[in-house]
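As stored in data34.cif (mmCIF, C-alpha atoms and all ligand atoms):
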data_query
loop_
_atom_site.label_atom_id
_atom_site.label_comp_id
_atom_site.auth_asym_id
_atom_site.auth_seq_id
_atom_site.Cartn_x
_atom_site.Cartn_y
_atom_site.Cartn_z
CA MET A 171 -16.78 -10.35 5.44
CA LYS A 172 -19.65 -12.77 4.90
CA PHE A 173 -20.91 -13.89 1.52
CA ILE A 174 -23.78 -16.15 0.57
CA THR A 175 -22.26 -18.72 -1.76
CA LYS A 176 -25.10 -21.16 -2.27
CA TYR A 177 -26.19 -19.70 -5.63
CA LYS A 178 -23.72 -20.10 -8.49
CA SER A 179 -23.91 -18.81 -12.03
CA PRO A 180 -22.80 -21.07 -14.89
CA ASN A 181 -22.16 -17.97 -16.99
CA TYR A 182 -18.41 -17.44 -16.90
CA ASN A 183 -15.22 -18.48 -18.64
CA SER A 184 -11.48 -18.01 -18.37
CA ARG A 185 -9.88 -14.59 -17.94
CA ASN A 186 -7.04 -15.74 -20.16
CA LYS A 187 -4.47 -14.48 -17.67
CA SER A 188 -5.73 -10.89 -17.76
CA ASN A 189 -5.06 -8.89 -14.59
CA ILE A 190 -7.99 -7.66 -12.58
CA GLN A 191 -7.79 -3.87 -12.87
CA LEU A 192 -11.35 -2.56 -12.82
CA ILE A 193 -14.44 -2.72 -10.62
CA ILE A 194 -17.74 -2.19 -12.44
CA ILE A 195 -20.91 -1.20 -10.59
CA HIS A 196 -24.32 -2.12 -12.04
CA TYR A 197 -27.95 -2.23 -11.12
CA THR A 198 -30.13 -5.17 -12.07
CA ALA A 199 -33.33 -3.30 -13.06
CA LEU A 200 -35.22 -6.38 -11.82
CA ARG A 201 -37.88 -6.67 -9.15
CA ASN A 202 -35.95 -8.14 -6.24
CA THR A 203 -32.96 -10.23 -5.16
CA LYS A 204 -34.69 -13.52 -5.89
CA GLU A 205 -35.44 -12.49 -9.44
CA ALA A 206 -31.88 -11.17 -9.82
CA ILE A 207 -30.36 -14.47 -8.64
CA THR A 208 -32.59 -16.44 -11.02
CA HIS A 209 -31.66 -14.15 -13.90
CA LEU A 210 -27.91 -14.06 -13.23
CA CYS A 211 -27.76 -17.84 -12.72
CA ALA A 212 -29.86 -18.87 -15.75
CA LYS A 213 -27.67 -20.41 -18.41
CA GLU A 214 -29.84 -19.13 -21.28
CA LYS A 215 -29.55 -15.50 -20.14
CA LYS A 216 -25.79 -15.59 -20.76
CA VAL A 217 -25.17 -12.88 -18.14
CA SER A 218 -23.64 -12.89 -14.68
CA ALA A 219 -21.69 -10.86 -12.15
CA HIS A 220 -19.24 -11.82 -9.45
CA TYR A 221 -21.38 -10.24 -6.75
CA LEU A 222 -24.96 -9.23 -6.12
CA ILE A 223 -25.91 -7.03 -3.19
CA SER A 224 -29.48 -7.05 -1.88
CA GLN A 225 -31.49 -4.11 -0.56
CA ASN A 226 -30.67 -5.22 2.98
CA GLY A 227 -26.94 -5.46 2.30
CA VAL A 228 -26.52 -9.22 1.89
CA ILE A 229 -23.71 -10.05 -0.53
CA TYR A 230 -24.10 -13.03 -2.86
CA ASN A 231 -21.00 -14.39 -4.56
CA LEU A 232 -22.25 -15.84 -7.84
CA VAL A 233 -19.01 -16.26 -9.78
CA ASN A 234 -15.54 -16.91 -8.39
CA GLU A 235 -13.33 -13.84 -8.81
CA LYS A 236 -10.74 -15.83 -10.70
CA PHE A 237 -13.19 -16.34 -13.57
CA ARG A 238 -14.48 -13.97 -16.21
CA ALA A 239 -18.10 -13.10 -15.41
CA TRP A 240 -20.36 -11.70 -18.13
CA HIS A 241 -21.56 -8.30 -16.99
CA ALA A 242 -19.96 -5.60 -19.10
CA GLY A 243 -21.06 -6.46 -22.64
CA GLN A 244 -19.66 -4.32 -25.40
CA SER A 245 -17.60 -1.80 -23.47
CA PHE A 246 -14.46 0.29 -23.50
CA TRP A 247 -12.08 1.79 -20.95
CA GLN A 248 -8.53 3.00 -21.48
CA ASP A 249 -8.32 1.05 -24.74
CA ILE A 250 -9.50 -2.15 -23.06
CA VAL A 251 -12.47 -3.59 -24.97
CA ASP A 252 -12.75 -6.95 -23.25
CA ILE A 253 -13.73 -5.40 -19.93
CA ASN A 254 -15.05 -8.70 -18.54
CA SER A 255 -11.57 -10.23 -18.59
CA PHE A 256 -10.09 -7.33 -16.61
CA SER A 257 -12.81 -6.62 -14.09
CA ILE A 258 -14.93 -7.64 -11.14
CA GLY A 259 -18.64 -6.97 -11.67
CA ILE A 260 -20.96 -5.99 -8.84
CA GLU A 261 -24.74 -5.92 -9.33
CA LEU A 262 -27.04 -4.03 -7.00
CA ASP A 263 -30.62 -5.18 -6.47
CA TYR A 264 -32.08 -1.88 -7.60
CA ASN A 265 -34.67 -0.87 -10.12
CA PRO A 266 -35.40 2.83 -10.74
CA ASN A 267 -39.02 1.91 -11.49
CA GLY A 268 -39.54 -0.79 -8.87
CA LYS A 269 -40.18 -1.10 -5.16
CA ASN A 270 -36.43 -1.62 -4.83
CA ASN A 271 -35.75 1.91 -6.02
CA LYS A 272 -33.54 2.96 -3.11
CA PHE A 273 -29.82 2.65 -2.63
CA THR A 274 -30.28 1.72 1.02
CA SER A 275 -27.60 2.51 3.59
CA LYS A 276 -27.16 -1.24 4.27
CA MET A 277 -26.62 -1.88 0.57
CA ILE A 278 -24.11 0.95 0.22
CA SER A 279 -22.30 -0.02 3.40
CA SER A 280 -21.84 -3.60 2.08
CA LEU A 281 -20.81 -2.26 -1.31
CA LYS A 282 -18.16 -0.03 0.23
CA LYS A 283 -16.70 -2.90 2.26
CA LEU A 284 -16.68 -5.17 -0.77
CA ILE A 285 -15.01 -2.59 -3.01
CA LEU A 286 -12.33 -1.89 -0.39
CA LYS A 287 -11.63 -5.59 -0.08
CA ILE A 288 -11.31 -6.09 -3.84
CA LYS A 289 -9.26 -2.89 -4.27
CA ASP A 290 -6.83 -4.06 -1.62
CA LYS A 291 -6.55 -7.59 -2.93
CA TYR A 292 -5.78 -6.65 -6.53
CA ARG A 293 -4.30 -3.19 -5.90
CA ILE A 294 -6.96 -1.51 -7.98
CA ASN A 295 -6.62 2.22 -8.45
CA LYS A 296 -9.37 4.58 -7.23
CA LYS A 297 -9.67 5.76 -10.81
CA ASN A 298 -10.78 2.31 -11.84
CA VAL A 299 -13.92 1.99 -9.73
CA LEU A 300 -16.41 2.56 -12.52
CA ALA A 301 -20.07 2.69 -13.46
CA HIS A 302 -21.42 0.51 -16.23
CA SER A 303 -22.38 3.83 -17.84
CA ASP A 304 -18.70 4.88 -17.81
CA ILE A 305 -17.62 1.90 -19.88
CA ALA A 306 -20.73 1.72 -22.11
CA PRO A 307 -22.06 5.30 -22.20
CA PHE A 308 -23.92 4.81 -25.48
CA ARG A 309 -25.92 1.81 -24.23
CA LYS A 310 -26.12 1.80 -20.46
CA LYS A 311 -27.34 4.09 -17.69
CA ASP A 312 -26.61 2.03 -14.59
CA PRO A 313 -26.07 2.54 -11.70
CA GLY A 314 -27.83 5.79 -12.67
CA LYS A 315 -27.94 9.38 -11.54
CA TYR A 316 -29.27 8.60 -8.06
CA PHE A 317 -26.37 6.34 -7.12
CA PRO A 318 -24.64 7.96 -4.11
CA TRP A 319 -21.12 8.45 -5.48
CA THR A 320 -20.57 11.15 -2.84
CA LEU A 321 -20.65 8.51 -0.08
CA LEU A 322 -17.89 6.57 -1.85
CA LYS A 323 -15.95 9.78 -2.39
CA ASN A 324 -16.20 10.69 1.31
CA ASP A 325 -14.66 7.34 2.20
CA LYS A 326 -11.86 7.85 -0.33
CA ILE A 327 -12.93 4.83 -2.35
CA ILE A 328 -13.13 6.84 -5.55
CA LEU A 329 -11.44 9.94 -6.91
CA ASN A 330 -12.29 13.32 -5.41
CA PHE A 331 -11.21 16.34 -7.41
CA LYS A 332 -13.17 19.05 -5.65
CA ASN A 333 -9.97 20.44 -4.12
CA ILE A 334 -8.26 21.13 -7.46
CA THR A 335 -7.49 24.84 -7.79
CA LYS A 336 -7.73 27.24 -10.73
CA LYS A 337 -3.95 27.22 -10.89
CA ASP A 338 -3.94 23.44 -11.30
CA SER A 339 -6.57 23.67 -14.02
CA LYS A 340 -4.50 26.30 -15.81
CA ILE A 341 -1.62 23.80 -16.16
CA ILE A 342 -3.93 21.43 -18.01
CA GLU A 343 -5.47 24.18 -20.15
CA ASP A 344 -2.05 25.52 -21.14
CA TRP A 345 -1.06 22.04 -22.18
CA PHE A 346 -4.10 21.71 -24.44
CA TYR A 347 -3.43 25.14 -26.00
CA LYS A 348 0.19 24.20 -26.60
CA TYR A 349 -0.97 21.22 -28.62
CA ASN A 350 -3.44 23.42 -30.46
CA ILE A 351 -6.54 21.83 -28.93
CA ARG A 352 -8.49 25.00 -28.40
CA THR A 353 -12.25 24.73 -28.54
CA LYS A 354 -13.96 23.69 -25.32
CA LYS A 355 -15.68 20.81 -27.04
CA ARG A 356 -12.42 19.41 -28.39
CA ILE A 357 -10.75 19.82 -25.00
CA ILE A 358 -13.67 18.04 -23.31
CA ILE A 359 -13.47 15.13 -25.75
CA PHE A 360 -9.71 14.82 -25.55
CA ALA A 361 -9.71 15.00 -21.75
CA LEU A 362 -12.44 12.34 -21.56
CA SER A 363 -10.38 10.06 -23.79
CA LEU A 364 -7.33 10.55 -21.56
CA ILE A 365 -9.45 9.71 -18.52
CA GLY A 366 -10.52 6.47 -20.21
CA TYR A 367 -13.83 7.03 -21.99
CA ASP A 368 -14.65 5.75 -25.44
CA THR A 369 -14.49 8.82 -27.68
CA ARG A 370 -13.86 7.03 -30.96
CA GLN A 371 -17.21 7.98 -32.51
CA VAL A 372 -17.76 11.18 -30.60
CA TYR A 373 -15.85 13.70 -32.73
CA LYS A 374 -18.04 13.17 -35.76
CA ASN A 375 -21.31 12.16 -34.18
CA LEU A 376 -23.18 14.77 -32.12
CA ARG A 377 -25.66 12.23 -30.76
CA HIS A 378 -22.78 10.14 -29.40
CA TYR A 379 -21.18 13.25 -27.95
CA ASN A 380 -24.39 14.16 -26.14
CA ARG A 381 -24.77 10.64 -24.78
CA LEU A 382 -21.22 10.65 -23.48
CA ILE A 383 -21.77 13.99 -21.74
CA THR A 384 -25.03 12.68 -20.23
CA ALA A 385 -23.18 9.64 -18.89
CA TYR A 386 -20.45 11.86 -17.47
CA LYS A 387 -23.00 14.17 -15.82
CA SER A 388 -24.90 11.26 -14.27
CA ARG A 389 -21.74 10.22 -12.52
CA TYR A 390 -19.86 13.43 -11.74
CA LEU A 391 -22.21 16.39 -11.89
CA THR A 392 -25.29 15.31 -9.98
CA ASP A 393 -24.64 17.88 -7.22
CA PHE A 394 -25.27 20.76 -9.60
CA THR A 395 -28.78 22.05 -10.19
CA TYR A 396 -27.82 23.67 -13.47
CA VAL A 397 -25.14 22.24 -15.74
CA ASN A 398 -23.95 23.99 -18.88
CA GLN A 399 -20.94 23.35 -21.10
CA GLU A 400 -18.79 25.53 -18.85
CA THR A 401 -19.63 23.38 -15.79
CA VAL A 402 -18.81 20.22 -17.71
CA TYR A 403 -15.59 21.72 -19.03
CA THR A 404 -14.37 23.03 -15.65
CA ASN A 405 -15.02 19.69 -13.97
CA ILE A 406 -13.41 17.60 -16.64
CA ILE A 407 -10.25 19.73 -16.50
CA LYS A 408 -10.09 19.22 -12.71
CA HIS A 409 -10.84 15.54 -13.16
CA LEU A 410 -8.00 15.10 -15.65
CA PHE A 411 -5.56 16.93 -13.38
CA LYS A 412 -6.45 14.69 -10.44
CA ASN A 413 -6.32 11.63 -12.67
CA LEU A 414 -2.79 12.42 -13.80
CA LEU A 415 -1.68 12.94 -10.20
CA THR A 416 -3.28 9.82 -8.75
CA LYS A 417 -0.96 6.89 -8.53
CA ASN A 418 -1.78 3.68 -6.78
ZN ZN B 1 -24.97 -2.96 -15.99
#

Show me, as C-alpha cells, the structure contained in the file I just sent.
Amino acid sequence: MKFITKYKSPNYNSRNKSNIQLIIIHYTALRNTKEAITHLCAKEKKVSAHYLISQNGVIYNLVNEKFRAWHAGQSFWQDIVDINSFSIGIELDYNPNGKNNKFTSKMISSLKKLILKIKDKYRINKKNVLAHSDIAPFRKKDPGKYFPWTLLKNDKIILNFKNITKKDSKIIEDWFYKYNIRTKKRIIIFALSLIGYDTRQVYKNLRHYNRLITAYKSRYLTDFTYVNQETVYTNIIKHLFKNLLTKN
C-alpha cells in the first residue's frame, strides 16, 4: 500500500500508552486536497488526522500512527472521552457543498484498503469503525448521510445486522422488560448507550435525544425512505444483538 509522506502535520502529541482501538472517519468540508493538506498541517489550526484520502484515492500520511492526532475533539465512545488517544483518524477530501461532493469509487477503494490494514495491525473490532458523528453526535455530521456505509458492510469491514431475526430481537426485548425498561424511547436510549453512544444528556434533554437519533439514522438508516420511531427501535434492537455477539 502506497502513501504520500511528504506532508507532515505538527499537530500531534503522545498517546500516553493508550491502545489503538477505534478508527474514526471524517470529511474535511474543504475545497480540495491541497486546501485540506494546508489546513491539517497548519500549526495554528491545531487539528490533524493520521490520513487524508483524495478524490482520486491517493492516501496522504500526515501523522505517524504511533502519535495522537487531533481529529476527534470533544467526543465519547464506550466511556472513552479522550478519543484521540485511542484512535486513528482518517479524513476524506469531501465537501457536501463543494465540487468534491462525491465519495468516488477510487476514494472508497483506498479507504477500504486502509481500514483493513489498520484493523489487522491493531486487531480493531468491526464495531469500532466509526463516524465522527457517532462519537460527537451533538456537534458533528461527518462523514454524512451520503457516505456509502453499505459498501463497507458488503466487504465485512463494519457490522452488518440485517440478518438478525425476530427471535433474536425478542431475546433482547425480553431482557429489557425483565429489567423494567419498557418504553420504546427508554429502550432506544439504553441500547444506544450499550452500543457506545453518549447518552448522558439524552434522557432529560429532548433536543439532544433528537440529535442522537439523527446521527444514528445518518449512519444506519439511510436505506429507508420513511423512518419512524418503530424503524429506529427495530434496528437498534438488531444492532445491539449483533454487537453483543460480535467478538474480535
Ligand atoms: Zn470530523

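The nearest approach to Gln248 of chain A among the residues A:Leu300, A:Leu232, A:Ile358, A:Leu284, with all atoms listed in the file taken into account, belongs to A:Leu300.
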
Step by step, measure atom-to-atom distances between ligand ZN 1 (chain B) and each residue using only C-alpha atoms and all ligand atoms, keep those at most 12 Å, then write them as a VMD selection string.
-> chain A and resid 193 to 200 210 217 to 219 222 240 to 245 254 259 to 265 300 to 307 309 to 314

Once you have the residues from the selection above, write them out as a PDB file, keeping the file's coordinate frame, restricted to C-alpha atoms.
ATOM      1  CA  ILE A 193     -14.440  -2.720 -10.620  1.00  0.00           C
ATOM      2  CA  ILE A 194     -17.740  -2.190 -12.440  1.00  0.00           C
ATOM      3  CA  ILE A 195     -20.910  -1.200 -10.590  1.00  0.00           C
ATOM      4  CA  HIS A 196     -24.320  -2.120 -12.040  1.00  0.00           C
ATOM      5  CA  TYR A 197     -27.950  -2.230 -11.120  1.00  0.00           C
ATOM      6  CA  THR A 198     -30.130  -5.170 -12.070  1.00  0.00           C
ATOM      7  CA  ALA A 199     -33.330  -3.300 -13.060  1.00  0.00           C
ATOM      8  CA  LEU A 200     -35.220  -6.380 -11.820  1.00  0.00           C
ATOM      9  CA  LEU A 210     -27.910 -14.060 -13.230  1.00  0.00           C
ATOM     10  CA  VAL A 217     -25.170 -12.880 -18.140  1.00  0.00           C
ATOM     11  CA  SER A 218     -23.640 -12.890 -14.680  1.00  0.00           C
ATOM     12  CA  ALA A 219     -21.690 -10.860 -12.150  1.00  0.00           C
ATOM     13  CA  LEU A 222     -24.960  -9.230  -6.120  1.00  0.00           C
ATOM     14  CA  TRP A 240     -20.360 -11.700 -18.130  1.00  0.00           C
ATOM     15  CA  HIS A 241     -21.560  -8.300 -16.990  1.00  0.00           C
ATOM     16  CA  ALA A 242     -19.960  -5.600 -19.100  1.00  0.00           C
ATOM     17  CA  GLY A 243     -21.060  -6.460 -22.640  1.00  0.00           C
ATOM     18  CA  GLN A 244     -19.660  -4.320 -25.400  1.00  0.00           C
ATOM     19  CA  SER A 245     -17.600  -1.800 -23.470  1.00  0.00           C
ATOM     20  CA  ASN A 254     -15.050  -8.700 -18.540  1.00  0.00           C
ATOM     21  CA  GLY A 259     -18.640  -6.970 -11.670  1.00  0.00           C
ATOM     22  CA  ILE A 260     -20.960  -5.990  -8.840  1.00  0.00           C
ATOM     23  CA  GLU A 261     -24.740  -5.920  -9.330  1.00  0.00           C
ATOM     24  CA  LEU A 262     -27.040  -4.030  -7.000  1.00  0.00           C
ATOM     25  CA  ASP A 263     -30.620  -5.180  -6.470  1.00  0.00           C
ATOM     26  CA  TYR A 264     -32.080  -1.880  -7.600  1.00  0.00           C
ATOM     27  CA  ASN A 265     -34.670  -0.870 -10.120  1.00  0.00           C
ATOM     28  CA  LEU A 300     -16.410   2.560 -12.520  1.00  0.00           C
ATOM     29  CA  ALA A 301     -20.070   2.690 -13.460  1.00  0.00           C
ATOM     30  CA  HIS A 302     -21.420   0.510 -16.230  1.00  0.00           C
ATOM     31  CA  SER A 303     -22.380   3.830 -17.840  1.00  0.00           C
ATOM     32  CA  ASP A 304     -18.700   4.880 -17.810  1.00  0.00           C
ATOM     33  CA  ILE A 305     -17.620   1.900 -19.880  1.00  0.00           C
ATOM     34  CA  ALA A 306     -20.730   1.720 -22.110  1.00  0.00           C
ATOM     35  CA  PRO A 307     -22.060   5.300 -22.200  1.00  0.00           C
ATOM     36  CA  ARG A 309     -25.920   1.810 -24.230  1.00  0.00           C
ATOM     37  CA  LYS A 310     -26.120   1.800 -20.460  1.00  0.00           C
ATOM     38  CA  LYS A 311     -27.340   4.090 -17.690  1.00  0.00           C
ATOM     39  CA  ASP A 312     -26.610   2.030 -14.590  1.00  0.00           C
ATOM     40  CA  PRO A 313     -26.070   2.540 -11.700  1.00  0.00           C
ATOM     41  CA  GLY A 314     -27.830   5.790 -12.670  1.00  0.00           C
TER      42      GLY A 314
END

Would you kindly identify which residues have an atom no farther than 12 Å from (-23.2, 23.9, -22.7), using only C-alpha atoms and the file's own coordinates, and write them out as a list in words?
->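 Returned residue set, sorted by chain then number, is Lys354, Lys355, Ile358, Asn380, Ile383, Thr384, Lys387, Tyr396, Val397, Asn398, Gln399, Glu400, Thr401, Val402, Tyr403 and Thr404 of chain A.
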
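Coordinates place atom CA of Leu329 of chain A at a distance of 7.7 Å from atom CA of Lys412 of chain A.
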
Have a look at A:Gln191, A:Arg185, A:Asp252, A:Tyr177 and name the one nearest to Asn231 of chain A; count only C-alpha atoms.
->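 Between A:Gln191, A:Arg185, A:Asp252, A:Tyr177, the residue approaching Asn231 of chain A most closely is A:Tyr177.
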
Using all atoms listed in the file, pick whichever of A:Phe346, A:Tyr367, A:Tyr386, A:Tyr221 has the shortest atom-to-atom distance to Val251 of chain A.
->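 Of the candidates, the smallest distance to Val251 of chain A is held by A:Tyr367.
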
Lys272 of chain A environment, 10 Å, all atoms listed in the file, sequence neighbours closer than 3 positions dropped, as a list in words | Gln225, Asp263, Tyr264, Asn265, Pro266, Gly268, Lys269, Ser275, Met277, Tyr316 and Phe317 of chain A
